[in-house]
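Peer 1: The file below is target09.txt, compact mmCIF, C-alpha atoms and all ligand atoms:
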# COMPACT_ATOMS: atom_id res chain seq x y z
CA MET H 1 -16.49 -38.16 26.40
CA TYR H 2 -17.51 -37.98 22.76
CA GLU H 3 -16.42 -40.41 20.10
CA ILE H 4 -16.67 -39.89 16.37
CA LYS H 5 -15.78 -42.38 13.67
CA ILE H 6 -15.36 -42.33 9.93
CA ILE H 7 -14.97 -45.23 7.55
CA ALA H 8 -12.74 -45.08 4.51
CA GLY H 9 -11.05 -47.63 2.33
CA PHE H 10 -8.49 -48.43 -0.28
CA SER H 11 -7.52 -51.27 -2.57
CA GLY H 12 -4.09 -52.75 -2.30
CA ALA H 13 -2.07 -55.88 -2.89
CA HIS H 14 0.35 -57.36 -0.42
CA SER H 15 2.35 -60.45 0.33
CA LEU H 16 3.46 -61.50 3.80
CA ARG H 17 7.17 -62.23 3.95
CA ASP H 18 8.14 -65.46 5.70
CA TYR H 19 4.49 -66.39 6.27
CA PRO H 20 4.10 -70.19 6.30
CA GLY H 21 1.07 -70.30 4.01
CA ASN H 22 -0.42 -68.90 0.86
CA CYS H 23 -0.59 -65.32 2.23
CA ARG H 24 3.08 -65.13 1.27
CA ASN H 25 1.88 -65.02 -2.36
CA ILE H 26 0.82 -61.66 -3.74
CA HIS H 27 -2.93 -61.10 -3.38
CA GLY H 28 -5.24 -58.14 -2.93
CA HIS H 29 -7.86 -56.81 -0.54
CA ASN H 30 -10.40 -54.04 -0.53
CA TRP H 31 -9.30 -52.74 2.85
CA LYS H 32 -11.73 -50.93 5.14
CA VAL H 33 -10.31 -48.39 7.56
CA GLU H 34 -12.09 -47.02 10.63
CA VAL H 35 -10.69 -43.94 12.31
CA VAL H 36 -11.99 -42.99 15.76
CA MET H 37 -11.43 -39.69 17.59
CA HIS H 38 -12.22 -38.83 21.19
CA SER H 39 -12.94 -35.42 22.62
CA ASN H 40 -14.01 -34.09 26.00
CA GLU H 41 -15.82 -31.05 24.73
CA LEU H 42 -17.68 -29.79 21.71
CA ASP H 43 -16.90 -26.62 19.81
CA LYS H 44 -19.43 -23.84 19.43
CA LEU H 45 -21.00 -25.65 16.47
CA GLY H 46 -21.60 -28.68 18.65
CA MET H 47 -18.89 -30.77 17.01
CA SER H 48 -15.86 -32.54 18.41
CA LEU H 49 -14.14 -32.40 15.03
CA ASP H 50 -15.54 -31.77 11.56
CA PHE H 51 -16.24 -35.15 9.90
CA ARG H 52 -15.17 -33.59 6.60
CA MET H 53 -11.69 -32.83 7.92
CA LEU H 54 -11.34 -36.29 9.45
CA LYS H 55 -12.46 -37.92 6.21
CA GLN H 56 -10.27 -35.67 4.04
CA GLU H 57 -7.07 -36.28 6.02
CA THR H 58 -7.73 -40.02 6.06
CA GLU H 59 -8.42 -40.13 2.33
CA ASN H 60 -5.33 -38.02 1.56
CA LEU H 61 -3.20 -40.57 3.37
CA LEU H 62 -4.88 -43.65 1.90
CA LYS H 63 -4.59 -42.18 -1.60
CA THR H 64 -0.80 -42.58 -1.30
CA ILE H 65 -1.15 -46.37 -1.08
CA ASP H 66 -4.37 -46.97 -3.04
CA HIS H 67 -4.00 -49.40 -5.97
CA THR H 68 -0.39 -50.13 -5.10
CA TYR H 69 1.61 -53.17 -4.08
CA LEU H 70 1.92 -52.30 -0.40
CA ASN H 71 5.24 -54.12 -0.01
CA GLU H 72 6.85 -51.47 -2.21
CA ASN H 73 5.76 -48.50 -0.06
CA PRO H 74 7.91 -47.49 2.93
CA PRO H 75 7.73 -48.62 5.69
CA PHE H 76 6.26 -51.80 4.22
CA ASN H 77 9.26 -52.39 2.01
CA THR H 78 10.83 -53.75 5.20
CA LEU H 79 7.90 -54.10 7.62
CA ASN H 80 5.33 -56.78 6.78
CA PRO H 81 2.13 -55.11 5.49
CA THR H 82 -0.19 -56.87 7.93
CA ALA H 83 -3.47 -55.32 9.05
CA GLU H 84 -1.81 -54.63 12.42
CA ASN H 85 1.15 -52.78 10.91
CA LEU H 86 -1.14 -50.86 8.55
CA ALA H 87 -3.33 -49.77 11.48
CA HIS H 88 -0.28 -48.57 13.42
CA TRP H 89 1.13 -46.71 10.39
CA ILE H 90 -2.21 -45.00 9.69
CA PHE H 91 -2.51 -44.05 13.36
CA GLU H 92 0.98 -42.51 13.49
CA SER H 93 0.55 -40.76 10.13
CA LEU H 94 -2.79 -39.18 11.08
CA SER H 95 -2.32 -38.27 14.73
CA GLY H 96 -0.09 -35.28 14.00
CA LYS H 97 -2.60 -33.95 11.48
CA LEU H 98 -5.79 -34.49 13.46
CA ASN H 99 -5.01 -34.02 17.14
CA ASN H 100 -5.77 -30.67 18.68
CA ASN H 101 -6.35 -29.35 22.19
CA ASN H 102 -9.69 -31.08 22.36
CA ALA H 103 -9.87 -33.98 19.92
CA LYS H 104 -7.42 -36.88 19.98
CA LEU H 105 -7.04 -39.79 17.64
CA CYS H 106 -8.10 -42.80 19.67
CA ARG H 107 -7.89 -45.85 17.46
CA VAL H 108 -7.55 -47.08 13.91
CA SER H 109 -8.97 -50.39 12.73
CA VAL H 110 -8.04 -52.00 9.45
CA TRP H 111 -10.32 -54.66 8.00
CA GLU H 112 -8.88 -56.95 5.37
CA ASN H 113 -12.25 -58.61 4.84
CA GLU H 114 -15.63 -58.42 6.53
CA ASN H 115 -14.62 -60.88 9.24
CA SER H 116 -11.06 -59.88 10.11
CA SER H 117 -9.73 -56.62 11.49
CA ALA H 118 -6.79 -55.34 13.50
CA THR H 119 -6.86 -52.26 15.72
CA TYR H 120 -4.09 -50.00 17.00
CA TYR H 121 -4.92 -47.62 19.82
CA ASP H 122 -3.04 -45.32 22.12
ZN ZN K 201 -3.86 -60.50 2.71
Would you mind writing the structure in this file as structure tokens?
Ligand SMILES: [Zn+2]
Peer 2:
Amino acid sequence: MYEIKIIAGFSGAHSLRDYPGNCRNIHGHNWKVEVVMHSNELDKLGMSLDFRMLKQETENLLKTIDHTYLNENPPFNTLNPTAENLAHWIFESLSGKLNNNNAKLCRVSVWENENSSATYYD
């Protein structure tokens, strides 16, 4: 099994509804996003999936929420924009674009700072 990973990021503000602490107040993070793909085989170039394509699709998605107040973007207008929910949303948004007969999206991790991350995987 091969595993490839890219790292991307975005800046975004959020507030956690009903949270019993100061994270319910609007604040921002420079979020780091790791996207990991698995594949059983390599193509004739010796790649599981072109890093450029993986990076491009991830950046295209993150661009839609970069420098925004996450709570205003569906589905986070109703769903709390936690690192966990962001990881799940990124996973679901990218899997249709990236998966092919060989390579499958495996997991997405979202870091809200250098010490705290949440991962969604299939
Ligand atoms: Zn936060």
Peer 1: CA of Thr64 (chain H) to CA of Val33 (chain H): how many Å, to one decimal?
Peer 2: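 Separation of CA of Thr64 (chain H) and CA of Val33 (chain H): 14.2 Å.
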Peer 1: Quick one: which chain H residues come within 10 Å of ligand ZN 201 (chain K), and what is the nearest atom pair for each with the distance in Å to one decimal, counting only C-alpha atoms and all ligand atoms, rows ordered by chain and ascending number, as a tab-separated table?
Peer 2:
residue	atom	partner	partner_atom	distance
H:Gly12	CA	K:ZN201	ZN	9.2
H:Ala13	CA	K:ZN201	ZN	7.5
H:His14	CA	K:ZN201	ZN	6.1
H:Ser15	CA	K:ZN201	ZN	6.7
H:Leu16	CA	K:ZN201	ZN	7.5
H:Asn22	CA	K:ZN201	ZN	9.3
H:Cys23	CA	K:ZN201	ZN	5.8
H:Arg24	CA	K:ZN201	ZN	8.5
H:Asn25	CA	K:ZN201	ZN	8.9
H:Ile26	CA	K:ZN201	ZN	8.1
H:His27	CA	K:ZN201	ZN	6.2
H:Gly28	CA	K:ZN201	ZN	6.3
H:His29	CA	K:ZN201	ZN	6.3
H:Asn30	CA	K:ZN201	ZN	9.7
H:Trp31	CA	K:ZN201	ZN	9.5
H:Pro81	CA	K:ZN201	ZN	8.5
H:Thr82	CA	K:ZN201	ZN	7.3
H:Ala83	CA	K:ZN201	ZN	8.2
H:Glu112	CA	K:ZN201	ZN	6.7
H:Asn113	CA	K:ZN201	ZN	8.9
Peer 1: What is the CA of Lys5 (chain H) to CA of Thr119 (chain H) distance in Å?
Peer 2: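 CA of Thr119 (chain H) lies at a distance of 13.5 Å from CA of Lys5 (chain H).
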Peer 1: Quick check, in Å to one decimal: how far apart do CA of Leu49 (chain H) and CA of Ile4 (chain H) lie?
Peer 2: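 Answer for the CA of Leu49 (chain H) to CA of Ile4 (chain H) separation: 8.0 Å.
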Peer 1: So, with only C-alpha atoms as the atoms that count, which of H:Asn71, H:Asn85, H:Gln56, H:Asn77 lies closest to Leu98 (chain H)?
Peer 2: H:Gln56
Peer 1: I want to know what sits within 12 Å of Lys63 (chain H), based on only C-alpha atoms, with residues of the same chain fewer than 4 positions away left out; could you give that as JSON, numbers by chain?
Peer 2: {"H": [8, 9, 10, 11, 12, 55, 56, 57, 58, 59, 67, 68, 90]}
Peer 1: Calculated over all atoms listed in the file, which of the candidates H:Ala118, H:Ala103, H:Leu61, H:Val108 has the smallest distance to Ile6 (chain H)?
Peer 2: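 For Ile6 (chain H), the nearest of the candidates is H:Val108.
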Peer 1: So which one's closest to Phe91 (chain H), H:Asp18, H:Glu3, H:Asp122, H:Glu114? Using only C-alpha atoms, please.
Peer 2: H:Asp122
Peer 1: With all atoms listed in the file as the basis for distance, which of H:Leu54, H:Ile65, H:Val35, H:Ala87 is at the shortest distance from Ser117 (chain H)?
Peer 2: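 Among the listed residues, H:Ala87 lies closest to Ser117 (chain H).
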Peer 1: Pick out the closest residue to Met47 (chain H) from this set: H:Tyr2, H:Ser109, H:Tyr120, H:Ser95. Count only C-alpha atoms.
Peer 2: H:Tyr2
Peer 1: Would you give the centre and edge lengths, in Å to one decimal, of a box along x, y and z around the listed atoms of region 58-76 of chain H, with 4 Å added to each side, as AutoDock Vina command-line options?
Peer 2:
--center_x -0.3 --center_y -46.1 --center_z 0.0 --size_x 24.3 --size_y 24.1 --size_z 20.0
Peer 1: Write a file for region 7-111 of chain H, containing C-alpha atoms (output as a compact mmCIF listing (two decimals), in the first residue's frame).
Peer 2:
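Result file part-v4.txt:
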# COMPACT_ATOMS: atom_id res chain seq x y z
CA ILE H 7 -0.47 19.88 3.52
CA ALA H 8 -2.53 22.96 2.82
CA GLY H 9 -4.09 25.65 4.92
CA PHE H 10 -6.50 28.49 5.22
CA SER H 11 -7.33 31.32 7.59
CA GLY H 12 -10.76 31.50 9.09
CA ALA H 13 -12.72 32.76 12.06
CA HIS H 14 -15.27 30.73 13.95
CA SER H 15 -17.28 30.66 17.12
CA LEU H 16 -18.57 27.51 18.78
CA ARG H 17 -22.27 27.69 19.51
CA ASP H 18 -23.31 26.61 23.00
CA TYR H 19 -19.70 26.03 24.03
CA PRO H 20 -19.29 26.67 27.77
CA GLY H 21 -16.14 28.77 27.48
CA ASN H 22 -14.48 31.53 25.53
CA CYS H 23 -14.42 29.53 22.26
CA ARG H 24 -18.03 30.63 21.89
CA ASN H 25 -16.64 34.11 21.13
CA ILE H 26 -15.53 34.80 17.58
CA HIS H 27 -11.80 34.14 17.10
CA GLY H 28 -9.55 33.03 14.28
CA HIS H 29 -7.06 30.31 13.41
CA ASN H 30 -4.55 29.65 10.70
CA TRP H 31 -5.83 26.16 10.04
CA LYS H 32 -3.54 23.46 8.67
CA VAL H 33 -5.10 20.70 6.61
CA GLU H 34 -3.49 17.34 5.83
CA VAL H 35 -5.01 15.20 3.10
CA VAL H 36 -3.89 11.57 2.80
CA MET H 37 -4.57 9.21 -0.11
CA HIS H 38 -3.98 5.47 -0.30
CA SER H 39 -3.36 3.40 -3.39
CA ASN H 40 -2.48 -0.21 -4.08
CA GLU H 41 -0.62 0.39 -7.29
CA LEU H 42 1.38 3.02 -9.08
CA ASP H 43 0.69 4.35 -12.55
CA LYS H 44 3.21 4.09 -15.34
CA LEU H 45 4.95 7.24 -14.09
CA GLY H 46 5.45 5.61 -10.71
CA MET H 47 2.85 7.76 -8.96
CA SER H 48 -0.24 6.86 -6.98
CA LEU H 49 -1.78 10.25 -7.73
CA ASP H 50 -0.20 13.47 -8.98
CA PHE H 51 0.61 15.67 -5.95
CA ARG H 52 -0.30 18.68 -8.09
CA MET H 53 -3.84 17.44 -8.62
CA LEU H 54 -4.25 16.59 -4.94
CA LYS H 55 -2.95 20.00 -3.92
CA GLN H 56 -5.03 21.84 -6.53
CA GLU H 57 -8.33 20.18 -5.58
CA THR H 58 -7.65 20.78 -1.90
CA GLU H 59 -6.76 24.43 -2.46
CA ASN H 60 -9.82 24.97 -4.69
CA LEU H 61 -12.02 23.77 -1.86
CA LEU H 62 -10.25 25.69 0.91
CA LYS H 63 -10.37 28.86 -1.18
CA THR H 64 -14.16 28.85 -0.74
CA ILE H 65 -13.80 29.30 3.03
CA ASP H 66 -10.48 31.16 3.27
CA HIS H 67 -10.68 34.50 5.13
CA THR H 68 -14.32 33.97 5.99
CA TYR H 69 -16.35 33.63 9.16
CA LEU H 70 -16.86 29.88 8.98
CA ASN H 71 -20.19 30.00 10.82
CA GLU H 72 -21.70 31.76 7.81
CA ASN H 73 -20.74 29.06 5.29
CA PRO H 74 -23.05 26.06 4.83
CA PRO H 75 -23.02 23.54 6.44
CA PHE H 76 -21.45 25.48 9.31
CA ASN H 77 -24.32 27.92 9.47
CA THR H 78 -26.05 25.11 11.39
CA LEU H 79 -23.25 22.65 12.18
CA ASN H 80 -20.62 23.82 14.67
CA PRO H 81 -17.37 24.61 12.80
CA THR H 82 -15.17 22.41 14.99
CA ALA H 83 -11.97 20.86 13.68
CA GLU H 84 -13.81 17.51 13.61
CA ASN H 85 -16.70 18.82 11.50
CA LEU H 86 -14.30 20.66 9.19
CA ALA H 87 -12.27 17.47 8.66
CA HIS H 88 -15.43 15.51 7.82
CA TRP H 89 -16.69 18.22 5.44
CA ILE H 90 -13.33 18.42 3.64
CA PHE H 91 -13.22 14.62 3.37
CA GLU H 92 -16.73 14.41 1.87
CA SER H 93 -16.13 17.36 -0.46
CA LEU H 94 -12.86 15.97 -1.83
CA SER H 95 -13.53 12.24 -2.06
CA GLY H 96 -15.73 12.54 -5.14
CA LYS H 97 -13.10 14.63 -6.90
CA LEU H 98 -10.02 12.61 -5.99
CA ASN H 99 -10.99 8.96 -5.79
CA ASN H 100 -10.34 6.80 -8.80
CA ASN H 101 -9.96 3.08 -9.46
CA ASN H 102 -6.62 3.05 -7.72
CA ALA H 103 -6.29 5.97 -5.31
CA LYS H 104 -8.73 6.56 -2.45
CA LEU H 105 -8.96 9.41 -0.02
CA CYS H 106 -7.99 7.91 3.31
CA ARG H 107 -8.06 10.64 5.91
CA VAL H 108 -8.20 14.37 6.47
CA SER H 109 -6.70 16.05 9.52
CA VAL H 110 -7.44 19.62 10.50
CA TRP H 111 -5.07 21.40 12.87
